[in-house]
Amino acid sequence: MGFFFTPRFVLINVIVIFQCFSLPTFAQDFDFFYFVQNWPGSYCDTERSCCYPRTGKPSADFKIHGLWPNYNDGTYPSNCDPSSPFDRTQISDLVSSMEKNWPSLACPSSDNTKFWSHEWNKHGTCSESVLDQYEYFETTLNLKAQANILQALQTAGINPDGSHYSLDKIKSAIEEGIKLTPGISCNVDGSGNSQLYEIYLCVDSSASNFIDCPVFPNSNCASSVEFPKF
Ligand code: AMP
C-alpha cells in the first residue's frame, strides 16, 4: 500500500500514459513506398474520359500518379496530418517540372493544384518523418527521371499504338530495362478492353533507392492488354 502515490509510482504512471498517447505516431510509420506512374492514354480512354490541364495536352509519356507509403502486409496509412496542408508556394520552383511529369487529367481542366494537394494530403503526410513537402515532390520527380518505363517498353517493341501485348512481355520488358519487377494494374476502355494503366515500382522507406517490392498490388489485367495511343 505504501507504494501508491510515491514519486516512483507517479513516475511509472506518467511514462505509461505518455507511451499510450504517443502510439499513433508509431502507428503512422511505414515499410516502403510505391512509386506509381500511369499511362495518360489509359486514364483518358475510359467511359469517364479526361480533361487536359490548362497548360495543354501532356506529352505521350508515363506520368506520375504518386509516391505512396505502404506496409509490408499490403495496407497503407492515409491522411496522416491534417495540420500540414498542401502549399503550392513551397514548391514553386518545381512547378514547371511537375506540370510536365505530374499533370492532372481529371475534369474540369485545372492548374493541377487539386491533384497535387490530394496526393500530398492522402499519401505525402504519412511520410513526413522522412520527407517534408518540398522533398516529397522533389524526390518523386527524381524517381521519375530514373525509371523510364516508356523507353523500356519501346526498346522491346511495345509501343502505344492501340494494339494488344502480352502482360508477361510487358513485365519482362520493364524488368530488362529498369532491372526491377513492376506491379502492373489495368483499367477498361470504352469497349471493355483491358488496358495497361499503372506501373508500380518500390522504393525503400528512406526514399533513396529502388528495391524489390515486398508485396505487389493485385493485378487486375487480362493476359493480353491494350496499350492505347495518347
Ligand atoms: P489515390 O487516391 O492517390 O489512390 O489516387 C486515386 C485517384 O487518383 C483516382 O481518383 C484517380 O482517378 C486519380 N488519378 C489518377 N491519375 C490521375 C491523373 N493523372 N490526374 C488526375 N487524377 C488522377
# chains A, B, ... in the order shown; residues from 1 in each chain; ligands from 1
>>> residues_around(residues="segment 183-191 of chain A", least_positions_apart="4", cutoff="12 Å", atoms="only C-alpha atoms", output="number ranges by chain")
A: 34-49, 149, 162, 167-168, 170-172, 174-175, 195-202, 212-229
>>> select_by_dssp(residues="segment 26-179 of chain A", states="strand (DSSP E or B)", output="PyMOL selection string")
chain A and resi 32-38+63-70+164-166
>>> residues_around(residues="segment 60-69 of chain A", least_positions_apart="2", cutoff="8 Å", atoms="only C-alpha atoms", output="JSON, numbers by chain")
{"A": [30, 31, 32, 33, 34, 35, 36, 37, 38, 39, 40, 41, 58, 71, 76, 77, 101, 102, 103, 119, 123, 124, 126, 127, 140, 144, 149, 150, 205, 230]}
>>> closest_residue(among="A:Ile91, A:Thr125, A:Phe115, A:Gly56", to="Asn79 of chain A", atoms="only C-alpha atoms")
A:Thr125
>>> closest_residue(among="A:Lys179, A:Arg88, A:Lys169, A:Lys57", to="ligand 1", atoms="only C-alpha atoms and all ligand atoms")
A:Lys57
>>> select_by_dssp(residues="segment 45-172 of chain A", states="helix (DSSP H, G or I)", output="PyMOL selection string")
chain A and resi 88-101+113-122+124-127+133-146+149-155+167-172
>>> closest_residue(among="A:Asp81, A:Trp120, A:Asp29, A:Leu94", to="ligand 1", atoms="only C-alpha atoms and all ligand atoms")
A:Trp120
>>> atom_distance(atom1="atom 16 (N, counted along the ligand's line) of ligand 1", atom2="atom CA of Ala106 of chain A")
7.6 Å
>>> atom_distance(atom1="atom CA of Cys107 of chain A", atom2="atom CA of His164 of chain A")
27.7 Å
>>> atom_distance(atom1="atom CA of Gln133 of chain A", atom2="atom CA of Ser208 of chain A")
16.0 Å
>>> closest_residue(among="A:Ser84, A:Ser104, A:Asn70, A:Gln90", to="ligand 1", atoms="only C-alpha atoms and all ligand atoms")
A:Ser104
>>> closest_residue(among="A:Ser166, A:Ser194, A:Asn112, A:Asn159", to="Met98 of chain A", atoms="only C-alpha atoms")
A:Asn112
